[in-house]
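One file, structure-v7.txt, is given below (compact mmCIF, C-alpha atoms and all ligand atoms).
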```txt
# COMPACT_ATOMS: atom_id res chain seq x y z
CA MET A 1 1.07 36.79 -69.83
CA ALA A 2 -2.04 35.47 -71.51
CA ALA A 3 -1.78 31.82 -70.49
CA LYS A 4 -2.83 30.27 -67.20
CA LEU A 5 0.17 28.80 -65.40
CA LEU A 6 -0.33 25.11 -64.61
CA ASP A 7 1.37 24.82 -61.25
CA GLY A 8 2.61 21.25 -61.00
CA LYS A 9 4.28 21.89 -57.66
CA SER A 10 1.01 22.82 -55.91
CA LEU A 11 -0.98 20.07 -57.61
CA ALA A 12 1.67 17.50 -56.65
CA ALA A 13 1.54 18.72 -53.03
CA GLU A 14 -2.26 18.29 -53.04
CA ILE A 15 -1.97 14.75 -54.42
CA ARG A 16 0.72 13.86 -51.89
CA GLU A 17 -1.46 15.13 -49.06
CA GLY A 18 -4.36 12.93 -50.22
CA LEU A 19 -2.00 9.96 -50.38
CA ARG A 20 -0.61 10.76 -46.92
CA LEU A 21 -4.09 10.42 -45.42
CA GLU A 22 -4.65 7.19 -47.33
CA VAL A 23 -1.30 5.74 -46.17
CA GLU A 24 -2.10 6.75 -42.58
CA GLU A 25 -5.16 4.48 -42.76
CA LEU A 26 -3.18 1.66 -44.37
CA LYS A 27 -0.59 1.87 -41.59
CA GLN A 28 -3.26 1.55 -38.94
CA ALA A 29 -4.67 -1.48 -40.73
CA GLY A 30 -1.28 -3.20 -41.09
CA ARG A 31 1.89 -1.67 -42.51
CA ALA A 32 3.01 1.22 -44.69
CA PRO A 33 3.60 0.61 -48.40
CA GLY A 34 7.27 0.08 -49.25
CA LEU A 35 9.21 1.40 -52.25
CA ALA A 36 12.68 0.08 -53.15
CA VAL A 37 14.81 2.57 -55.07
CA VAL A 38 17.89 1.16 -56.77
CA ILE A 39 20.62 3.47 -58.01
CA VAL A 40 23.83 2.29 -59.66
CA GLY A 41 26.85 4.60 -59.84
CA ASP A 42 27.12 8.27 -58.92
CA ASP A 43 25.47 10.23 -61.73
CA PRO A 44 24.54 13.57 -60.06
CA ALA A 45 21.22 13.95 -61.92
CA SER A 46 20.15 10.40 -60.95
CA ARG A 47 21.21 11.08 -57.36
CA ARG A 48 19.05 14.22 -57.30
CA TYR A 49 16.02 12.36 -58.69
CA VAL A 50 16.45 9.56 -56.14
CA ASN A 51 16.72 12.07 -53.27
CA ASN A 52 13.52 13.79 -54.44
CA LYS A 53 11.73 10.44 -54.58
CA LYS A 54 12.90 9.57 -51.07
CA LYS A 55 11.72 12.95 -49.79
CA ALA A 56 8.30 12.40 -51.38
CA CYS A 57 8.09 8.96 -49.70
CA GLU A 58 8.77 10.62 -46.34
CA HIS A 59 5.97 13.16 -46.96
CA VAL A 60 3.47 10.48 -47.86
CA GLY A 61 4.51 7.93 -45.21
CA ILE A 62 5.75 5.31 -47.68
CA THR A 63 8.78 3.40 -46.37
CA SER A 64 11.63 3.85 -48.86
CA TYR A 65 14.50 1.41 -49.09
CA GLU A 66 17.51 2.73 -50.94
CA TYR A 67 19.98 0.40 -52.63
CA ALA A 68 22.97 2.48 -53.77
CA LEU A 69 25.25 0.17 -55.73
CA PRO A 70 28.75 1.02 -56.97
CA GLY A 71 29.22 1.93 -60.64
CA GLU A 72 31.09 -1.33 -61.32
CA THR A 73 28.14 -3.53 -60.21
CA THR A 74 27.72 -6.46 -62.62
CA GLN A 75 24.54 -7.42 -64.43
CA GLU A 76 24.34 -10.61 -62.36
CA GLU A 77 24.61 -8.69 -59.08
CA LEU A 78 21.91 -6.24 -60.15
CA LEU A 79 19.57 -9.02 -61.31
CA ALA A 80 20.14 -10.87 -58.02
CA LEU A 81 19.06 -7.75 -56.13
CA VAL A 82 15.96 -7.34 -58.33
CA ASP A 83 15.09 -10.99 -57.67
CA LYS A 84 15.48 -10.48 -53.92
CA LEU A 85 13.25 -7.38 -54.02
CA ASN A 86 10.65 -9.22 -56.11
CA LYS A 87 10.36 -11.77 -53.29
CA ASP A 88 10.47 -9.31 -50.38
CA THR A 89 6.96 -9.01 -48.94
CA ALA A 90 7.69 -5.61 -47.33
CA ILE A 91 8.32 -4.11 -50.77
CA ASP A 92 5.38 -3.14 -52.98
CA GLY A 93 7.19 -1.11 -55.63
CA ILE A 94 10.60 -1.39 -57.26
CA LEU A 95 12.21 1.46 -59.10
CA VAL A 96 15.54 1.14 -60.86
CA GLN A 97 16.80 4.64 -61.58
CA LEU A 98 17.68 5.05 -65.27
CA PRO A 99 19.96 5.50 -67.10
CA LEU A 100 22.10 2.62 -65.86
CA PRO A 101 25.87 2.63 -66.53
CA SER A 102 26.50 1.51 -70.12
CA HIS A 103 27.86 -1.96 -69.24
CA LEU A 104 24.44 -2.91 -67.81
CA ASP A 105 21.51 -4.00 -69.97
CA GLU A 106 18.54 -1.83 -68.95
CA LYS A 107 16.04 -3.88 -70.91
CA THR A 108 16.91 -7.15 -69.16
CA VAL A 109 16.78 -5.44 -65.77
CA ILE A 110 13.32 -3.98 -66.46
CA TYR A 111 12.05 -7.32 -67.82
CA ASN A 112 13.11 -8.99 -64.56
CA ILE A 113 11.09 -6.70 -62.29
CA ASP A 114 7.86 -8.35 -61.09
CA PRO A 115 5.17 -6.51 -63.16
CA LYS A 116 3.06 -6.17 -60.00
CA LYS A 117 5.89 -4.16 -58.42
CA ASP A 118 6.76 -2.23 -61.58
CA VAL A 119 5.60 1.19 -60.36
CA ASP A 120 7.32 2.96 -63.30
CA ALA A 121 5.15 0.85 -65.67
CA PHE A 122 8.11 0.11 -67.96
CA HIS A 123 7.73 -3.70 -68.02
CA PRO A 124 6.23 -4.95 -71.34
CA PHE A 125 3.33 -6.53 -69.39
CA ASN A 126 2.34 -3.10 -68.06
CA VAL A 127 3.08 -1.41 -71.39
CA GLY A 128 0.68 -3.92 -72.99
CA LYS A 129 -1.99 -3.17 -70.41
CA ILE A 130 -1.68 0.54 -71.19
CA MET A 131 -2.06 -0.31 -74.88
CA ILE A 132 -5.34 -2.20 -74.32
CA GLY A 133 -6.65 0.51 -72.02
CA GLU A 134 -6.51 -1.53 -68.80
CA PRO A 135 -3.50 -0.17 -66.94
CA ASP A 136 -2.78 -1.13 -63.32
CA PHE A 137 -0.15 1.57 -63.25
CA ALA A 138 -0.09 4.56 -65.55
CA PRO A 139 3.52 5.51 -66.36
CA CYS A 140 4.45 8.35 -64.01
CA THR A 141 5.32 11.22 -66.35
CA PRO A 142 2.44 10.75 -68.84
CA ALA A 143 0.02 10.23 -65.93
CA GLY A 144 1.26 13.48 -64.39
CA VAL A 145 0.66 15.23 -67.71
CA MET A 146 -2.94 13.96 -67.77
CA GLU A 147 -3.52 15.41 -64.27
CA LEU A 148 -2.15 18.79 -65.42
CA ILE A 149 -4.47 18.75 -68.44
CA LYS A 150 -7.38 17.98 -66.10
CA LEU A 151 -6.45 21.08 -64.10
CA THR A 152 -7.39 23.25 -67.10
CA GLY A 153 -10.96 21.94 -67.02
CA ILE A 154 -10.66 21.15 -70.73
CA GLU A 155 -12.08 17.83 -71.94
CA VAL A 156 -9.60 15.77 -73.97
CA SER A 157 -12.42 14.02 -75.83
CA GLY A 158 -12.56 15.09 -79.48
CA LYS A 159 -9.56 17.43 -79.20
CA GLU A 160 -6.59 17.47 -81.54
CA CYS A 161 -3.71 16.24 -79.38
CA VAL A 162 -0.13 16.40 -80.61
CA VAL A 163 2.70 14.66 -78.77
CA VAL A 164 6.22 15.61 -79.84
CA GLY A 165 8.53 12.70 -78.98
CA ARG A 166 7.96 8.93 -79.19
CA SER A 167 10.11 7.49 -76.42
CA ASN A 168 8.96 4.37 -74.61
CA ILE A 169 8.83 6.20 -71.29
CA VAL A 170 7.07 9.41 -72.30
CA GLY A 171 5.88 9.99 -75.89
CA LYS A 172 4.36 6.58 -76.70
CA PRO A 173 2.52 5.99 -73.41
CA GLN A 174 1.42 9.65 -73.46
CA SER A 175 -0.24 9.13 -76.81
CA MET A 176 -2.03 6.04 -75.44
CA LEU A 177 -3.37 7.90 -72.39
CA LEU A 178 -4.66 10.75 -74.58
CA LEU A 179 -6.25 8.21 -76.94
CA ALA A 180 -7.90 6.47 -73.99
CA GLU A 181 -9.53 9.84 -73.21
CA ASN A 182 -10.80 10.01 -76.80
CA GLY A 183 -8.34 12.59 -78.07
CA THR A 184 -7.41 12.56 -81.77
CA VAL A 185 -3.71 11.92 -81.36
CA THR A 186 -0.75 12.66 -83.63
CA VAL A 187 2.76 11.65 -82.59
CA CYS A 188 5.75 13.59 -83.98
CA HIS A 189 9.43 12.60 -83.91
CA SER A 190 12.77 13.50 -85.45
CA LYS A 191 11.65 12.38 -88.93
CA THR A 192 8.43 14.41 -88.93
CA LYS A 193 8.51 16.55 -92.10
CA ASP A 194 6.92 19.84 -91.06
CA LEU A 195 6.76 19.89 -87.28
CA ALA A 196 5.30 23.40 -87.02
CA GLU A 197 2.46 22.53 -89.40
CA VAL A 198 1.48 19.61 -87.14
CA THR A 199 1.94 21.36 -83.79
CA ARG A 200 -0.17 24.32 -84.98
CA ARG A 201 -3.14 21.94 -85.27
CA ALA A 202 -2.98 20.98 -81.60
CA ASP A 203 -5.61 21.95 -79.05
CA ILE A 204 -3.43 20.05 -76.57
CA LEU A 205 0.32 19.98 -77.24
CA VAL A 206 2.74 17.83 -75.23
CA ALA A 207 6.46 18.36 -75.85
CA ALA A 208 8.78 15.52 -74.75
CA VAL A 209 11.88 15.93 -76.87
CA GLY A 210 14.90 17.01 -74.86
CA LYS A 211 15.72 20.08 -76.99
CA ALA A 212 15.60 23.44 -75.24
CA LYS A 213 13.01 25.90 -76.61
CA LEU A 214 12.25 23.82 -79.71
CA ILE A 215 8.58 24.83 -79.66
CA LYS A 216 8.28 28.51 -80.57
CA GLY A 217 5.30 30.84 -80.31
CA ASP A 218 4.48 30.57 -84.03
CA MET A 219 4.25 26.76 -83.74
CA VAL A 220 1.31 26.94 -81.33
CA LYS A 221 -2.38 27.50 -82.05
CA LYS A 222 -3.99 30.38 -80.17
CA GLY A 223 -5.63 29.09 -77.00
CA ALA A 224 -3.88 25.70 -76.99
CA VAL A 225 -2.97 23.88 -73.78
CA VAL A 226 0.81 23.36 -73.79
CA ILE A 227 2.50 20.82 -71.53
CA ASP A 228 6.28 20.87 -71.42
CA VAL A 229 7.92 17.62 -70.31
CA GLY A 230 11.44 18.63 -71.37
CA MET A 231 14.19 19.21 -68.81
CA ASN A 232 17.23 20.74 -70.45
CA ARG A 233 20.20 22.12 -68.55
CA LEU A 234 21.42 25.36 -70.15
CA GLU A 235 25.03 26.53 -70.19
CA ASP A 236 24.37 29.04 -67.42
CA GLY A 237 23.20 26.19 -65.16
CA THR A 238 19.48 27.06 -65.34
CA TRP A 239 16.78 24.71 -66.68
CA SER A 240 14.68 25.12 -69.78
CA GLY A 241 11.85 23.04 -71.16
CA ASP A 242 11.33 22.03 -74.79
CA VAL A 243 8.97 24.98 -75.13
CA ASP A 244 10.04 28.60 -75.52
CA PHE A 245 8.06 29.67 -72.47
CA GLU A 246 8.33 33.43 -73.00
CA GLU A 247 6.95 33.23 -76.55
CA VAL A 248 4.38 30.47 -76.06
CA LYS A 249 2.80 31.90 -72.89
CA GLU A 250 1.49 34.76 -75.06
CA VAL A 251 -0.31 32.37 -77.40
CA ALA A 252 -1.43 29.39 -75.25
CA SER A 253 -4.42 29.36 -72.90
CA ALA A 254 -2.51 27.27 -70.34
CA ILE A 255 1.14 26.30 -69.99
CA THR A 256 3.38 24.41 -67.57
CA PRO A 257 6.54 26.05 -66.22
CA VAL A 258 9.94 24.30 -66.18
CA PRO A 259 10.86 23.58 -63.47
CA GLY A 260 7.70 23.26 -61.37
CA GLY A 261 5.37 21.72 -63.95
CA VAL A 262 5.60 18.08 -65.01
CA GLY A 263 8.63 17.19 -62.81
CA PRO A 264 6.89 17.28 -59.42
CA MET A 265 3.85 15.53 -60.91
CA THR A 266 6.00 12.61 -62.07
CA ILE A 267 7.09 11.98 -58.48
CA ALA A 268 3.55 12.38 -57.13
CA MET A 269 2.37 9.74 -59.62
CA LEU A 270 5.15 7.40 -58.48
CA MET A 271 3.81 7.70 -54.93
CA LYS A 272 0.31 6.99 -56.22
CA ASN A 273 1.50 3.91 -58.12
CA THR A 274 3.26 2.59 -55.00
CA VAL A 275 0.02 2.85 -53.02
CA THR A 276 -1.81 1.15 -55.92
CA ALA A 277 0.79 -1.68 -55.94
CA TYR A 278 0.22 -2.16 -52.21
CA ARG A 279 -3.55 -2.33 -52.72
CA ILE A 280 -3.23 -4.78 -55.63
CA LYS A 281 -1.16 -7.07 -53.39
CA GLN A 282 -3.75 -6.89 -50.64
P1 LIG A 301 14.22 10.57 -75.72
O1 LIG A 301 15.54 11.13 -76.10
O2 LIG A 301 14.12 9.14 -75.36
O3 LIG A 301 13.16 10.86 -76.88
C1 LIG A 301 13.13 12.09 -77.53
C2 LIG A 301 12.12 12.06 -78.64
O4 LIG A 301 12.12 13.32 -79.28
C3 LIG A 301 12.42 11.02 -79.71
O5 LIG A 301 11.24 10.33 -80.04
C4 LIG A 301 12.94 11.84 -80.89
O6 LIG A 301 12.60 11.31 -82.14
C5 LIG A 301 12.18 13.13 -80.69
N1 LIG A 301 12.88 14.26 -81.32
C6 LIG A 301 14.19 14.58 -81.26
N2 LIG A 301 14.43 15.69 -81.97
C7 LIG A 301 13.28 16.08 -82.51
C8 LIG A 301 12.88 17.15 -83.34
N3 LIG A 301 13.76 18.06 -83.77
N4 LIG A 301 11.59 17.23 -83.70
C9 LIG A 301 10.68 16.34 -83.27
N5 LIG A 301 10.99 15.29 -82.47
C10 LIG A 301 12.27 15.18 -82.09
O7 LIG A 301 13.71 11.49 -74.51
P2 LIG A 301 12.63 11.21 -73.34
O8 LIG A 301 11.30 10.95 -73.91
O9 LIG A 301 13.20 10.28 -72.36
O10 LIG A 301 12.64 12.66 -72.64
C11 LIG A 301 12.25 13.82 -73.35
C12 LIG A 301 12.50 15.03 -72.46
O11 LIG A 301 11.69 14.93 -71.30
C13 LIG A 301 13.93 15.16 -71.93
O12 LIG A 301 14.25 16.54 -71.83
C14 LIG A 301 13.86 14.55 -70.55
O13 LIG A 301 14.86 15.08 -69.69
C15 LIG A 301 12.49 14.99 -70.12
N6 LIG A 301 11.87 14.13 -69.12
C16 LIG A 301 11.30 14.76 -68.05
C17 LIG A 301 10.65 14.04 -67.09
C18 LIG A 301 10.01 14.79 -65.98
O14 LIG A 301 9.61 14.17 -65.02
N7 LIG A 301 9.85 16.10 -66.09
C19 LIG A 301 10.59 12.58 -67.12
C20 LIG A 301 11.16 12.00 -68.33
C21 LIG A 301 11.78 12.77 -69.28
P3 LIG A 301 13.18 9.89 -82.71
O15 LIG A 301 12.38 8.83 -82.00
O16 LIG A 301 12.91 9.94 -84.15
O17 LIG A 301 14.63 9.86 -82.33
```

Just dump the structure as structure tokens.
Amino acid sequence: MAAKLLDGKSLAAEIREGLRLEVEELKQAGRAPGLAVVIVGDDPASRRYVNNKKKACEHVGITSYEYALPGETTQEELLALVDKLNKDTAIDGILVQLPLPSHLDEKTVIYNIDPKKDVDAFHPFNVGKIMIGEPDFAPCTPAGVMELIKLTGIEVSGKECVVVGRSNIVGKPQSMLLLAENGTVTVCHSKTKDLAEVTRRADILVAAVGKAKLIKGDMVKKGAVVIDVGMNRLEDGTWSGDVDFEEVKEVASAITPVPGGVGPMTIAMLMKNTVTAYRIKQ
């Protein structure tokens, strides 16, 4: 294997340990930060994500409050809970696990979260602050990607950065964070004409598509840093990223594994944002 493996699991553990020490001090000075996690229905993937987030809270010393609501919860009931959490002084961060069941309007729910408690940074107020380069909270997955890039020691400034995917939660904010670091950023999507021609230009390539092994070895420039956000469940039950790891590891200079790359970093950044929310409130 030619590429350096960017171990998100170890880096996330390091970040959590730093936060644990910080939270220890906060506790002595008053109280621990609090994170409310709201889950509606019984989607197994959402349940797993919520459990991982709760476990991370325990590691760091953040108090987590779980609100597990039945699948038939109405929009009014969910908004009433969000309103209650907005007003609760013991709660610094609110996370509503997405996707919500289809009868609920995700957008309205997100818009009703107090932006100061919006640790996912999905509220338009926080999205706007990312856009103007003054974020209080960096969105968790893109922020985790930036930390993994930092691990390579490569400066983003002046580099050709290609982001594949333009979702509101990954691709778009990712492009903004790379731009803020002075990368020259190109964003690709399903209508991009010649994807391989664009990805081959990248010094730093971030794939956030949701299509297993879309990025092949011949789509990557020699020596590129490749960050794989994708999490795709294969028929045999194993996970694959959006990058064909076996092929691309022979071409890239650094690459993230799936699992164990971006996933753990996303949760570490959520912990960081919760501590930031606490500090902002203070
Ligand atoms: P979305 O489905 O919201 O967005 C996918 C994007 O990929 C869209 O912009 C779409 O384009 C683009 N796309 C689809 N097909 C192609 C193609 N053939 N070529 C180029 N672009 C294409 O997904 P998310 O951003 O929410 O998630 C992306 C992946 O990342 C998923 O696998 C998800 O599970 C994973 N993920 C992982 C996280 C982690 O912590 N590890 C966190 C969040 C997501 P268009 O806009 O034109 O439709």

Task: Pairwise distance for atom N1 of ligand LIG 301 (chain A) and atom CA of A:Ile227, rounded to one decimal in Å - done: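 For atom N1 of ligand LIG 301 (chain A) relative to atom CA of A:Ile227, the distance reads 15.7 Å.
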
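Omitting A:Phe125 and its sequence neighbours fewer than 3 positions away, and counting all atoms listed in the file, the residues within 10 Å are Tyr111, Asp114, Pro115, Lys116, Asp118, Ala121, Phe122, Gly128, Lys129, Ile130, Met131 and Pro135 of chain A.
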
Just the selected residues (C-alpha atoms), exported as a CSV table (one decimal), in the frame of the given file, please.
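out_12.csv was written with the following content:
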```
chain,number,residue,atom,x,y,z
A,111,TYR,CA,12.0,-7.3,-67.8
A,114,ASP,CA,7.9,-8.4,-61.1
A,115,PRO,CA,5.2,-6.5,-63.2
A,116,LYS,CA,3.1,-6.2,-60.0
A,118,ASP,CA,6.8,-2.2,-61.6
A,121,ALA,CA,5.2,0.8,-65.7
A,122,PHE,CA,8.1,0.1,-68.0
A,128,GLY,CA,0.7,-3.9,-73.0
A,129,LYS,CA,-2.0,-3.2,-70.4
A,130,ILE,CA,-1.7,0.5,-71.2
A,131,MET,CA,-2.1,-0.3,-74.9
A,135,PRO,CA,-3.5,-0.2,-66.9
```

Task: Minimum-distance residue to ligand LIG 301 (chain A), chosen among A:Ala252, A:Val163, A:Val226, A:Ala208 (using all atoms listed in the file) - done: A:Ala208

- [ ] Please identify the residues whose atoms come within 9 Å of ligand LIG 301 (chain A), using all atoms listed in the file, and report them as number ranges by chain.
- [x] A: 140-142, 144, 164-172, 187-193, 195, 207-212, 214, 228-233, 240-242, 258-267

Task: Top pick for closest residue to A:Ile255, considering A:Leu11, A:Glu197, A:Gly223, A:Pro101 and counting only C-alpha atoms - done: A:Gly223

Write out as a Markdown table the residues of stretch 89-176 of chain A that have any atom within 10 Å of an atom of stretch 52-68 of chain A, one row each with the nearest atom pair and its distance in Å to one decimal, counting all atoms listed in the file, sorted by chain and then rising number.
```
| residue | atom | partner | partner_atom | distance |
| --- | --- | --- | --- | --- |
| A:Ala90 | CA | A:Thr63 | CA | 9.1 |
| A:Ile91 | CA | A:Tyr65 | CA | 8.5 |
| A:Asp92 | CA | A:Thr63 | CA | 9.9 |
| A:Gly93 | CA | A:Ser64 | CA | 9.5 |
| A:Ile94 | CA | A:Tyr65 | CA | 9.5 |
| A:Leu95 | CA | A:Glu66 | CA | 9.8 |
| A:Val96 | CA | A:Tyr67 | CA | 9.4 |
```

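Between atom CA of A:Val38 and atom CA of A:Glu76 there is a distance of 14.5 Å.
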
Open item on the list: Need the shell around A:Val119: protein/DNA/RNA residues with any atom at most 10 Å away, counting all atoms listed in the file. Skip same-chain ones fewer than 6 positions apart. Format as a list in words?
Closed with: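 Neighbouring residues, sequence-local ones excluded: Leu35, Asp92, Gly93, Ile94, Leu95, Val96, Ile113, Asn126, Asp136, Phe137, Ala138, Pro139, Cys140, Met269, Leu270, Met271, Lys272, Asn273, Thr274, Val275, Thr276 and Ala277 of chain A.
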
- [ ] Can you work out which one of A:Leu151, A:Ala36, A:Ala2, A:Ile280 has the shortest atom-to-atom distance to A:Glu247, counting only C-alpha atoms?
- [x]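 Ranking A:Leu151, A:Ala36, A:Ala2, A:Ile280 by distance to A:Glu247, first place goes to A:Ala2.
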
- [ ] Could you tell me which of A:Gln282, A:Lys213, A:Leu19, A:Leu148 comes closest to A:Leu234 if we count all atoms listed in the file?
- [x]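 Going through A:Gln282, A:Lys213, A:Leu19, A:Leu148 one by one, the smallest distance to A:Leu234 is for A:Lys213.
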
Open item on the list: Report as a list in words all protein, DNA and RNA residues lying within 12 Å of A:Leu98, evaluated on all atoms listed in the file, omitting residues in the same chain fewer than 2 positions from it.
Closed with: Val37, Val38, Ile39, Val40, Gly41, Asp42, Asp43, Ala45, Ser46, Arg47, Tyr49, Val50, Leu95, Val96, Leu100, Pro101, Ser102, Leu104, Asp105, Glu106, Lys107, Val109, Ile110, Asp120, Phe122 and Ile169 of chain A

Would you list the residues near (-9.9, 4.6, -73.1) (no more than 8 Å away, in the coordinates of the file, using all atoms listed in the file) as a compact mmCIF listing (two decimals) with C-alpha atoms, in the coordinates of the input?
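Ended up saving to part00.txt:
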```
# COMPACT_ATOMS: atom_id res chain seq x y z
CA GLY A 133 -6.65 0.51 -72.02
CA LEU A 177 -3.37 7.90 -72.39
CA LEU A 179 -6.25 8.21 -76.94
CA ALA A 180 -7.90 6.47 -73.99
CA GLU A 181 -9.53 9.84 -73.21
CA ASN A 182 -10.80 10.01 -76.80
```

- [ ] Can you work out the spacing between atom CA of A:Glu147 and atom CA of A:Tyr278 in Å, to one decimal?
- [x]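 Computing the Euclidean distance for atom CA of A:Glu147 and atom CA of A:Tyr278 yields 21.6 Å.
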
Open item on the list: Please determine, counting only C-alpha atoms, which residue among A:Val248, A:Val185, A:Val127, A:Val206 has the shortest atom-to-atom distance to A:Gly158.
Closed with: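 Checking each of A:Val248, A:Val185, A:Val127, A:Val206 against A:Gly158, counting only C-alpha atoms, the winner is A:Val185.
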
TODO: Find, counting only C-alpha atoms, the residue in A:Ala268, A:Met219, A:Leu6, A:Val243 that gets nearest to A:Asp194.
DONE: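 Of all the options, A:Met219 lies closest to A:Asp194.
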
Excluding A:Lys221 and any residue of its chain fewer than 3 positions from it, enumerate the residues within 8 Å of it, using all atoms listed in the file, and give them as a PDB file with C-alpha atoms, in the frame of the given file.
```pdb
ATOM      1  CA  THR A 199       1.940  21.360 -83.790  1.00  0.00           C
ATOM      2  CA  ARG A 200      -0.170  24.320 -84.980  1.00  0.00           C
ATOM      3  CA  ARG A 201      -3.140  21.940 -85.270  1.00  0.00           C
ATOM      4  CA  ALA A 202      -2.980  20.980 -81.600  1.00  0.00           C
ATOM      5  CA  ASP A 203      -5.610  21.950 -79.050  1.00  0.00           C
ATOM      6  CA  ASP A 218       4.480  30.570 -84.030  1.00  0.00           C
ATOM      7  CA  ALA A 224      -3.880  25.700 -76.990  1.00  0.00           C
ATOM      8  CA  VAL A 251      -0.310  32.370 -77.400  1.00  0.00           C
ATOM      9  CA  ALA A 252      -1.430  29.390 -75.250  1.00  0.00           C
TER      10      ALA A 252
END
```

Could you rebuild stretch 149-155 of chain A with all heavy atoms and give it back as a JSON list (two decimals), in the frame of the given file?
```json
[["chain", "number", "residue", "atom", "x", "y", "z"],
["A", 149, "ILE", "N", -3.46, 18.39, -67.43],
["A", 149, "ILE", "CA", -4.47, 18.75, -68.44],
["A", 149, "ILE", "C", -5.84, 18.89, -67.76],
["A", 149, "ILE", "O", -6.60, 19.82, -68.02],
["A", 149, "ILE", "CB", -4.51, 17.71, -69.58],
["A", 149, "ILE", "CG1", -3.20, 17.74, -70.38],
["A", 149, "ILE", "CG2", -5.71, 17.95, -70.51],
["A", 149, "ILE", "CD1", -3.03, 16.62, -71.39],
["A", 150, "LYS", "N", -6.10, 17.95, -66.83],
["A", 150, "LYS", "CA", -7.38, 17.98, -66.10],
["A", 150, "LYS", "C", -7.55, 19.30, -65.35],
["A", 150, "LYS", "O", -8.66, 19.83, -65.24],
["A", 150, "LYS", "CB", -7.39, 16.82, -65.10],
["A", 150, "LYS", "CG", -8.66, 15.98, -65.15],
["A", 150, "LYS", "CD", -8.71, 14.99, -64.02],
["A", 150, "LYS", "CE", -8.20, 13.62, -64.41],
["A", 150, "LYS", "NZ", -8.01, 12.74, -63.24],
["A", 151, "LEU", "N", -6.44, 19.83, -64.86],
["A", 151, "LEU", "CA", -6.45, 21.08, -64.10],
["A", 151, "LEU", "C", -7.00, 22.25, -64.93],
["A", 151, "LEU", "O", -7.53, 23.21, -64.38],
["A", 151, "LEU", "CB", -5.01, 21.38, -63.67],
["A", 151, "LEU", "CG", -4.74, 22.36, -62.55],
["A", 151, "LEU", "CD1", -5.37, 21.88, -61.25],
["A", 151, "LEU", "CD2", -3.22, 22.54, -62.36],
["A", 152, "THR", "N", -6.90, 22.16, -66.24],
["A", 152, "THR", "CA", -7.39, 23.25, -67.10],
["A", 152, "THR", "C", -8.91, 23.23, -67.21],
["A", 152, "THR", "O", -9.53, 24.20, -67.63],
["A", 152, "THR", "CB", -6.84, 23.14, -68.55],
["A", 152, "THR", "OG1", -7.35, 21.92, -69.12],
["A", 152, "THR", "CG2", -5.32, 23.11, -68.58],
["A", 153, "GLY", "N", -9.52, 22.08, -66.87],
["A", 153, "GLY", "CA", -10.96, 21.94, -67.02],
["A", 153, "GLY", "C", -11.36, 21.59, -68.45],
["A", 153, "GLY", "O", -12.54, 21.44, -68.76],
["A", 154, "ILE", "N", -10.37, 21.45, -69.32],
["A", 154, "ILE", "CA", -10.66, 21.15, -70.73],
["A", 154, "ILE", "C", -10.80, 19.65, -70.92],
["A", 154, "ILE", "O", -10.01, 18.86, -70.40],
["A", 154, "ILE", "CB", -9.53, 21.72, -71.63],
["A", 154, "ILE", "CG1", -9.67, 23.24, -71.71],
["A", 154, "ILE", "CG2", -9.55, 21.12, -73.03],
["A", 154, "ILE", "CD1", -8.48, 23.94, -72.29],
["A", 155, "GLU", "N", -11.86, 19.25, -71.63],
["A", 155, "GLU", "CA", -12.08, 17.83, -71.94],
["A", 155, "GLU", "C", -11.13, 17.40, -73.06],
["A", 155, "GLU", "O", -11.03, 18.09, -74.08],
["A", 155, "GLU", "CB", -13.50, 17.67, -72.49],
["A", 155, "GLU", "CG", -14.58, 17.69, -71.46],
["A", 155, "GLU", "CD", -14.89, 16.30, -70.95],
["A", 155, "GLU", "OE1", -14.86, 15.36, -71.77],
["A", 155, "GLU", "OE2", -15.13, 16.17, -69.74]]
```
